[in-house]
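Asker: Questions regarding the structure given below will be posed in turn.
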There are 2 protein chains.
Amino acid sequence: LQGRRGVGPLWDRLALLAEADRLKSVQRATTLFDGSRNEFTGEHCWHVALFALVLAEHAIRPANAARVVRMLLLHDLVEIDAGDTPIHAGGDPAVQEAAELRAADRLFGLLPADQATEWRALWDVFEAAQSDDALFGKALDRLQPAKANLLTDGGNWPHYRVTRAQLDTRVGVKIRAGAPALWDWLEPRVDAWFARTRSAVF
Amino acid sequence: LQGRRGVGPLWDRLALLAEADRLKSVQRATTLFDGSRNEFTGEHCWHVALFALVLAEHAIRPANAARVVRMLLLHDLVEIDAGDTPIHAGGDPAVQEAAELRAADRLFGLLPADQATEWRALWDVFEAAQSDDALFGKALDRLQPAKANLLTDGGNWPHYRVTRAQLDTRVGVKIRAGAPALWDWLEPRVDAWFARTRSAVF
Ligand SMILES: [Ca+2]
């Protein structure tokens, strides 16, 4: 966690916040719910944090909503350096993971040492899905784009030729692990979309 | 807080979250820190929430960072109906306030009753700057766009012909009230910009 250090903790914090602004220019593979444009990562992080506040009661086990929000607000900062990896695009996970680790070193390393350590620990727990809060946060991080896709007639699923089985591995498993009640809500809608799409093709 | 009610609390919560997505399409008068485009309100809320997490120690009195974050994540939802009011544009505050109250009734009213009451109370406290947490949140809500303007050679200040005295009333007073240490950082930068601009004109 060695980073560039400014002339005091306030300067270092403001440097991280200025760098964070760049997350507003990282484009995701998902669109807004009305399909009008692609979503940027910064606003995605706001939306999933709001999901955590509103839906806390549906976590698999009682969640510390404040900690989930904190994780979700910072979980994608690494995309400033490493870019967004669409979950259905099939990149090499090892390459992406290495890039994100370098990004975490650099970005959290901008903060004063105590804060750098705390944020890095939160990010590590989230990435490894090592707590109930992390599992719930990860469920929301999958639910929000799935909802965007369902509202835009499948969104990017046709483009990536996502199968129902892939959707389960990449989305369903993670939502069930952190918020089974939300998967119970989502699953029939996913099934209906796949049934409708298949009947349109065959 | 009477709102449309769905078939259960989860449905109501998801309705609010779908409605919230529209905040990503409300454009603010400020740009991104690199000046590349105007900022949307959703990503602004993410950024100021991150300011609260990073800068909590600079609040005028010890802040409950989790509560400040919660307020900042929801404080601009009313813009979905009422639109953004640039602080330097000189609209009628009474007209805007009435529109925001109607928006708060409608939007928070989408939530289950207990959550609607809790969110509306948080929003009311924030709007009225009635707690130390609200004062700190409001300070950050002024600091972030001021920083964007300073990084883009005054940003929208020349367009709105903002004077140094207006900047103090609309920005300085609020930052000093919630986070004087942050105003100590900002003030010499503001002064330098005004000094430079005046010397360019005369
Ligand atoms: Ca994410």
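FYI, nothing fancy with the structure tokens labels: chains A, B, ... in order, residues from 1 per chain, ligands from 1 as they appear.
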Could you list, as a list in words, all residues that come within 10 Å of ligand 1? Count only C-alpha atoms and all ligand atoms.

Answerer: Arg28, Thr41, Gly42, His44, Cys45, His47, Val48, Leu72, Leu73, Leu74, His75, Asp76, Leu77, Glu79, Asp84, Thr85, Pro86, Ile87, Gly137, Lys138, Leu140, Asp141, Arg142, Gln144 and Pro145 of chain A

Asker: Could you save the residues just selected, with N, CA and C atoms, as a short mmCIF file (atom, residue, chain, number, x, y, z; two decimals), in the first residue's frame?

Answerer:
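That gives us again-v1.cif:
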```
data_model
loop_
_atom_site.label_atom_id
_atom_site.label_comp_id
_atom_site.auth_asym_id
_atom_site.auth_seq_id
_atom_site.Cartn_x
_atom_site.Cartn_y
_atom_site.Cartn_z
N ARG A 28 -20.18 0.83 -18.91
CA ARG A 28 -20.52 -0.56 -18.69
C ARG A 28 -21.25 -1.15 -19.89
N THR A 41 -19.95 3.60 -14.69
CA THR A 41 -19.73 2.84 -13.45
C THR A 41 -20.03 3.66 -12.19
N GLY A 42 -19.73 4.95 -12.19
CA GLY A 42 -20.01 5.75 -11.00
C GLY A 42 -21.47 5.72 -10.61
N HIS A 44 -23.66 3.51 -11.53
CA HIS A 44 -23.98 2.13 -11.15
C HIS A 44 -23.72 1.93 -9.65
N CYS A 45 -22.60 2.46 -9.18
CA CYS A 45 -22.25 2.29 -7.75
C CYS A 45 -23.26 3.01 -6.87
N HIS A 47 -26.41 3.46 -7.62
CA HIS A 47 -27.66 2.71 -7.69
C HIS A 47 -27.60 1.46 -6.82
N VAL A 48 -26.51 0.70 -6.90
CA VAL A 48 -26.45 -0.51 -6.08
C VAL A 48 -26.35 -0.19 -4.59
N LEU A 72 -19.97 -1.22 -1.51
CA LEU A 72 -20.47 -1.01 -2.86
C LEU A 72 -20.01 0.33 -3.43
N LEU A 73 -19.86 1.33 -2.56
CA LEU A 73 -19.41 2.64 -3.04
C LEU A 73 -17.98 2.58 -3.56
N LEU A 74 -17.17 1.70 -2.99
CA LEU A 74 -15.75 1.66 -3.40
C LEU A 74 -15.39 0.44 -4.25
N HIS A 75 -16.34 -0.53 -4.41
CA HIS A 75 -15.92 -1.82 -4.99
C HIS A 75 -15.44 -1.72 -6.43
N ASP A 76 -15.91 -0.72 -7.17
CA ASP A 76 -15.54 -0.64 -8.59
C ASP A 76 -14.46 0.39 -8.88
N LEU A 77 -13.88 1.02 -7.84
CA LEU A 77 -12.85 2.04 -8.10
C LEU A 77 -11.71 1.48 -8.95
N GLU A 79 -11.84 -0.14 -11.47
CA GLU A 79 -12.12 -0.03 -12.92
C GLU A 79 -11.52 1.23 -13.54
N ASP A 84 -13.97 -1.91 -17.12
CA ASP A 84 -15.09 -2.80 -16.78
C ASP A 84 -14.95 -4.11 -17.54
N THR A 85 -15.25 -5.21 -16.87
CA THR A 85 -15.25 -6.52 -17.53
C THR A 85 -16.67 -7.04 -17.54
N PRO A 86 -17.37 -6.92 -18.67
CA PRO A 86 -18.75 -7.44 -18.70
C PRO A 86 -18.77 -8.92 -18.33
N ILE A 87 -19.67 -9.30 -17.42
CA ILE A 87 -19.64 -10.67 -16.91
C ILE A 87 -19.94 -11.71 -17.98
N GLY A 137 -23.88 -7.75 -0.90
CA GLY A 137 -23.46 -6.73 -1.86
C GLY A 137 -23.28 -7.31 -3.25
N LYS A 138 -22.67 -8.48 -3.33
CA LYS A 138 -22.45 -9.11 -4.64
C LYS A 138 -23.77 -9.52 -5.28
N LEU A 140 -26.57 -7.90 -5.01
CA LEU A 140 -27.16 -6.67 -5.55
C LEU A 140 -26.45 -6.22 -6.81
N ASP A 141 -25.13 -6.45 -6.84
CA ASP A 141 -24.32 -6.09 -8.00
C ASP A 141 -24.70 -6.93 -9.22
N ARG A 142 -25.33 -8.07 -9.01
CA ARG A 142 -25.84 -8.90 -10.11
C ARG A 142 -27.31 -8.60 -10.41
N GLN A 144 -28.99 -5.71 -10.10
CA GLN A 144 -29.25 -4.42 -10.75
C GLN A 144 -29.10 -4.50 -12.27
N PRO A 145 -27.98 -5.04 -12.80
CA PRO A 145 -27.91 -5.16 -14.27
C PRO A 145 -28.91 -6.17 -14.84
#
```

Asker: Show me, as an MDAnalysis selection string, every residue of chain B with an atom at most 10 Å from chain A, counting only C-alpha atoms.

Answerer: chainID B and resid 9:14 16:25 32:34 36:37 39:51 53:55 57:58 65:67 69:70 73:74 111:112 115 119 144 147:148 151 181:182 185

Asker: One decimal, Å: what's the distance from atom CA of Gly109 of chain B over to atom CA of Met71 of chain B, could you say?

Answerer: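 Rounded to one decimal, the two atoms are 16.8 Å apart.
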
Asker: Please measure the separation of atom CA of Leu122 of chain B and atom CA of Leu186 of chain B, giving the value in Å to one decimal.

Answerer: 28.0 Å

Asker: Give the helix (DSSP H, G or I) residues of chain B, as assigned by DSSP on the backbone, as number ranges by chain.

Answerer: B: 9-25, 41-58, 65-74, 79-82, 93-108, 113-127, 132-151, 164-178, 180-201

Asker: Excluding Val173 of chain A and any residue of its chain fewer than 5 positions from it, enumerate the residues within 10 Å of it, using only C-alpha atoms, and give them as a PyMOL selection string.

Answerer: chain A and resi 139+142+167-168+178+180+183

Asker: List every residue of segment 2-168 of chain B that DSSP, applied to the backbone of this structure, places in strand (DSSP E), and write the result as a PyMOL selection string.

Answerer: chain B and resi 27-31+38-40

Asker: Which polymer residues have any atom within 12 Å of an atom of Phe194 of chain A, counting only C-alpha atoms, with same-chain residues fewer than 2 positions away left out, as JSON, numbers by chain?

Answerer: {"A": [150, 153, 154, 157, 158, 161, 162, 163, 164, 165, 167, 187, 188, 189, 190, 191, 192, 196, 197, 198, 199, 200, 201]}

Asker: Can you write out the residues you just picked, keeping N, CA and C atoms, as a PDB file, in the first residue's frame?

Answerer:
```pdb
ATOM      1  N   LEU A 150     -33.712  -7.052 -18.201  1.00  0.00           N
ATOM      2  CA  LEU A 150     -35.107  -7.479 -18.341  1.00  0.00           C
ATOM      3  C   LEU A 150     -36.002  -6.331 -18.817  1.00  0.00           C
ATOM      4  N   ASP A 153     -35.804  -5.701 -22.897  1.00  0.00           N
ATOM      5  CA  ASP A 153     -35.973  -6.913 -23.707  1.00  0.00           C
ATOM      6  C   ASP A 153     -34.705  -7.762 -23.807  1.00  0.00           C
ATOM      7  N   GLY A 154     -34.083  -8.013 -22.658  1.00  0.00           N
ATOM      8  CA  GLY A 154     -32.887  -8.862 -22.644  1.00  0.00           C
ATOM      9  C   GLY A 154     -31.592  -8.069 -22.637  1.00  0.00           C
ATOM     10  N   TRP A 157     -28.017  -9.514 -23.203  1.00  0.00           N
ATOM     11  CA  TRP A 157     -27.992 -10.990 -23.253  1.00  0.00           C
ATOM     12  C   TRP A 157     -27.971 -11.534 -24.684  1.00  0.00           C
ATOM     13  N   PRO A 158     -28.809 -11.033 -25.589  1.00  0.00           N
ATOM     14  CA  PRO A 158     -28.723 -11.559 -26.966  1.00  0.00           C
ATOM     15  C   PRO A 158     -27.351 -11.309 -27.594  1.00  0.00           C
ATOM     16  N   ARG A 161     -25.065 -13.756 -26.457  1.00  0.00           N
ATOM     17  CA  ARG A 161     -25.609 -15.110 -26.638  1.00  0.00           C
ATOM     18  C   ARG A 161     -25.621 -15.880 -25.314  1.00  0.00           C
ATOM     19  N   VAL A 162     -26.115 -15.223 -24.284  1.00  0.00           N
ATOM     20  CA  VAL A 162     -26.150 -15.837 -22.955  1.00  0.00           C
ATOM     21  C   VAL A 162     -27.204 -16.934 -22.927  1.00  0.00           C
ATOM     22  N   THR A 163     -26.812 -18.100 -22.452  1.00  0.00           N
ATOM     23  CA  THR A 163     -27.782 -19.188 -22.289  1.00  0.00           C
ATOM     24  C   THR A 163     -28.391 -19.114 -20.887  1.00  0.00           C
ATOM     25  N   ARG A 164     -29.497 -19.824 -20.720  1.00  0.00           N
ATOM     26  CA  ARG A 164     -30.143 -19.872 -19.403  1.00  0.00           C
ATOM     27  C   ARG A 164     -29.201 -20.477 -18.360  1.00  0.00           C
ATOM     28  N   ALA A 165     -28.403 -21.473 -18.783  1.00  0.00           N
ATOM     29  CA  ALA A 165     -27.457 -22.106 -17.847  1.00  0.00           C
ATOM     30  C   ALA A 165     -26.355 -21.112 -17.451  1.00  0.00           C
ATOM     31  N   LEU A 167     -26.649 -17.905 -17.427  1.00  0.00           N
ATOM     32  CA  LEU A 167     -27.263 -16.903 -16.569  1.00  0.00           C
ATOM     33  C   LEU A 167     -27.341 -17.412 -15.136  1.00  0.00           C
ATOM     34  N   GLU A 187     -36.245 -14.927 -10.765  1.00  0.00           N
ATOM     35  CA  GLU A 187     -36.168 -16.150 -11.576  1.00  0.00           C
ATOM     36  C   GLU A 187     -37.344 -16.322 -12.548  1.00  0.00           C
ATOM     37  N   PRO A 188     -38.594 -16.171 -12.105  1.00  0.00           N
ATOM     38  CA  PRO A 188     -39.692 -16.355 -13.077  1.00  0.00           C
ATOM     39  C   PRO A 188     -39.633 -15.342 -14.215  1.00  0.00           C
ATOM     40  N   ARG A 189     -39.109 -14.152 -13.943  1.00  0.00           N
ATOM     41  CA  ARG A 189     -38.993 -13.144 -14.990  1.00  0.00           C
ATOM     42  C   ARG A 189     -37.906 -13.534 -16.001  1.00  0.00           C
ATOM     43  N   VAL A 190     -36.817 -14.070 -15.480  1.00  0.00           N
ATOM     44  CA  VAL A 190     -35.753 -14.569 -16.361  1.00  0.00           C
ATOM     45  C   VAL A 190     -36.292 -15.720 -17.215  1.00  0.00           C
ATOM     46  N   ASP A 191     -36.973 -16.650 -16.566  1.00  0.00           N
ATOM     47  CA  ASP A 191     -37.530 -17.797 -17.302  1.00  0.00           C
ATOM     48  C   ASP A 191     -38.498 -17.337 -18.385  1.00  0.00           C
ATOM     49  N   ALA A 192     -39.324 -16.364 -18.049  1.00  0.00           N
ATOM     50  CA  ALA A 192     -40.294 -15.869 -19.036  1.00  0.00           C
ATOM     51  C   ALA A 192     -39.577 -15.267 -20.236  1.00  0.00           C
ATOM     52  N   ARG A 196     -39.878 -16.725 -24.010  1.00  0.00           N
ATOM     53  CA  ARG A 196     -40.378 -15.852 -25.071  1.00  0.00           C
ATOM     54  C   ARG A 196     -39.367 -15.761 -26.215  1.00  0.00           C
ATOM     55  N   THR A 197     -38.083 -15.630 -25.870  1.00  0.00           N
ATOM     56  CA  THR A 197     -37.046 -15.486 -26.883  1.00  0.00           C
ATOM     57  C   THR A 197     -36.917 -16.756 -27.709  1.00  0.00           C
ATOM     58  N   ARG A 198     -36.931 -17.895 -27.023  1.00  0.00           N
ATOM     59  CA  ARG A 198     -36.812 -19.163 -27.736  1.00  0.00           C
ATOM     60  C   ARG A 198     -37.992 -19.350 -28.687  1.00  0.00           C
ATOM     61  N   SER A 199     -39.187 -19.000 -28.214  1.00  0.00           N
ATOM     62  CA  SER A 199     -40.353 -19.201 -29.081  1.00  0.00           C
ATOM     63  C   SER A 199     -40.312 -18.241 -30.268  1.00  0.00           C
ATOM     64  N   ALA A 200     -39.582 -17.114 -30.123  1.00  0.00           N
ATOM     65  CA  ALA A 200     -39.448 -16.191 -31.256  1.00  0.00           C
ATOM     66  C   ALA A 200     -38.470 -16.730 -32.292  1.00  0.00           C
ATOM     67  N   VAL A 201     -37.495 -17.516 -31.836  1.00  0.00           N
ATOM     68  CA  VAL A 201     -36.446 -17.997 -32.735  1.00  0.00           C
ATOM     69  C   VAL A 201     -36.890 -19.272 -33.465  1.00  0.00           C
TER      70      VAL A 201
END
```

Asker: So, counting only C-alpha atoms, which residue among B:Lys174, B:Ile60, B:Gly35, B:Val26 is closest to Ala129 of chain B?

Answerer: B:Lys174

Asker: For Val68 of chain A, find every residue with an atom within 7 Å (counting only C-alpha atoms), except residues of its own chain fewer than 6 positions away, and show them as a CSV table (one decimal) with C-alpha atoms, in the first residue's frame.

Answerer:
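Result went into selection09.csv, see below:
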```
chain,number,residue,atom,x,y,z
A,52,ALA,CA,-28.5,-2.0,-0.3
A,133,ASP,CA,-22.3,-8.4,3.9
A,134,ALA,CA,-20.0,-9.1,0.9
A,137,GLY,CA,-23.5,-6.7,-1.9
```
